[in-house]
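Worksheet for the structure shown next.
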Amino acid sequence: MVARIKKTSSLSNAVNYNEKKVQQHKAECINAVNYAKDFDQMNFYQKLHRLEHQAALNERVTANSVHISLNFAAADKLDKEKLNQIAGTYMQQIGFGKQPYLVYQHFDAGHQHIHVVSTNITADGSRIEMNNIGRNESEQARKQIEVEFHLVQAESKKQQQTPEVRPAGAQRITYGKSETKRAITNVLDVVLPQYKYASLAELNAVLKLYNVMADRGPEASKMFKGKGLVYQVLDEKGNKIGTPIKSSTFYNRPTLAYLEQKFKENEIDKQQYKRGLKTKINLVLLKGRKDLKSFMNELQKQGIHVSLRQTERGNIYGITYIDHINKTVFNGSDIGKEYSAKALLERFDSSVQKEAIQQIRKTDVIVEKTDEKGVAGEIKKTGDSTLIDLLSSEKQYDYLPGQLFKKKRKKKRTQKM
């Protein structure tokens, strides 16, 4: 079981999100705990009013909405009674047993999961402390519930899964096969709280694995200047497709302001994993990997995806490491100069690049493409890709600005009279 907890400032958004799913026949309200009426005897406003009435007992707390999702493995087959028992046990263990809360069973994913909406304001107006609740109370509750209800254990599942397996609840999006907003929401629900990224570029490195991109638009655009943000689906070649969706319209409001706060938190939290990542990269290098392709493949076996960044002209200027085991994202140069794209390419022996090129011709290579200003996109190239050109010993990229290659004009000598 995997539990995710979101604390927001809008109870109405949380309840409305679930009730809309009910209207679309993608969810069902299966319980209302500590309510005066049964869940099937209340309308939307009655369900919401109970929560808002209690939240109003402490007006100093603005983030008074608690939205929890409990996700189960595909092998777990649970009926409504079991789901309600699990929800009750979980809420009791994390200190919300006496709180009013609604339980919804959702049917819009490949695995069973429930959503629970509550408030962190108690009946006496005090606030339930939620700092580190996910790491402490929730984690303890998860382990107990997995044993008590004979569920697939999240830790054992993590140990057994291969590096290619992505977290439960998110799938690579294929445009047109599912509702776009719902598909993007599934991806964001997994990536935003689980991965530790410290910039929009690092976040996009993960999102693009699911064919999703967070986009601020060109620097001169009104959206960029107004700190706007949209999410968009990408096709298999990394091109934007479909209509972009404003971040403010998603129920959990993954806006730029929200992300910037996450950047600050993650920058600190992910540092503890830097040394371990460096060790894994060093071990791969010590094995004598002499070309970029084999280097990337070897890291992939250890759950580390390597994303390359290149300009429109074909120059690879950056590399990003995504550690799926520890859910961390690092820019190469942030780990150390020797792990940057430039240093790695210089390290590889040019005499073996022809062999690497032949390997690349047989397989697809995911490469992130940006324009000269760093506006990101992603393309998949096969065969005569820019990466092949780069690896070719006949082409040299020394990362110097183009102006430095201009020939100097000879000064005309003036004849002395």
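Labels for the structure tokens follow display order: chains A, B, ..., residues from 1 in each chain, ligands from 1.
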
Inset, instruction - Would you please give, as a ChimeraX atom specification, all residues of region 182-217 of chain A that DSSP assigns to helix (DSSP H, G or I) based on the backbone? - result: /A:182-194,200-210

Please extract the residues of region 5-66 of chain A with a backbone DSSP assignment of strand (DSSP E or B) and present them as a tab-separated table (two decimals) with N, CA and C atoms, in the first residue's frame.
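Ended up saving to result-v4.tsv:
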chain	number	residue	atom	x	y	z
A	5	ILE	N	-0.43	12.06	1.16
A	5	ILE	CA	-1.19	13.04	1.93
A	5	ILE	C	-0.96	14.43	1.35
A	6	LYS	N	-2.04	15.15	1.07
A	6	LYS	CA	-1.95	16.52	0.58
A	6	LYS	C	-2.71	17.43	1.54
A	7	LYS	N	-2.07	18.53	1.91
A	7	LYS	CA	-2.72	19.53	2.77
A	7	LYS	C	-2.89	20.80	1.96
A	8	THR	N	-4.13	21.25	1.77
A	8	THR	CA	-4.40	22.43	0.96
A	8	THR	C	-5.30	23.39	1.73
A	27	ALA	N	-15.97	7.12	-9.82
A	27	ALA	CA	-15.75	6.97	-8.38
A	27	ALA	C	-17.08	6.76	-7.70
A	28	GLU	N	-17.02	6.38	-6.42
A	28	GLU	CA	-18.22	6.16	-5.63
A	28	GLU	C	-17.93	6.52	-4.18
A	29	CYS	N	-18.81	7.29	-3.56
A	29	CYS	CA	-18.66	7.59	-2.14
A	29	CYS	C	-19.11	6.35	-1.36
A	30	ILE	N	-18.22	5.80	-0.53
A	30	ILE	CA	-18.53	4.55	0.16
A	30	ILE	C	-18.64	4.72	1.67
A	31	ASN	N	-18.37	5.92	2.18
A	31	ASN	CA	-18.52	6.13	3.63
A	31	ASN	C	-18.41	7.60	3.99
A	32	ALA	N	-19.10	7.97	5.08
A	32	ALA	CA	-18.98	9.30	5.68
A	32	ALA	C	-18.90	9.07	7.18
A	33	VAL	N	-17.72	9.25	7.73
A	33	VAL	CA	-17.45	8.92	9.14
A	33	VAL	C	-17.57	10.17	10.00
A	65	SER	N	-7.49	21.74	4.77
A	65	SER	CA	-8.05	20.61	4.00
A	65	SER	C	-7.01	19.51	3.89
A	66	VAL	N	-7.41	18.29	4.18
A	66	VAL	CA	-6.52	17.13	4.11
A	66	VAL	C	-7.10	16.14	3.10

Legend entry - Residue contacts of region 247-261 of chain A (9 Å, only C-alpha atoms) excluding same-chain residues fewer than 5 positions away, as JSON, numbers by chain: {"A": [6, 8, 13, 14, 16, 17, 181, 185, 188, 189, 192, 198, 199, 200, 214, 216, 227, 228, 229, 230, 231, 266]}

Legend entry - Which residue of A:Leu151, A:Val233, A:Val116, A:Ala220 approaches Ala183 (chain A) most closely, using only C-alpha atoms: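 Among the listed residues, A:Val233 lies closest to Ala183 (chain A).
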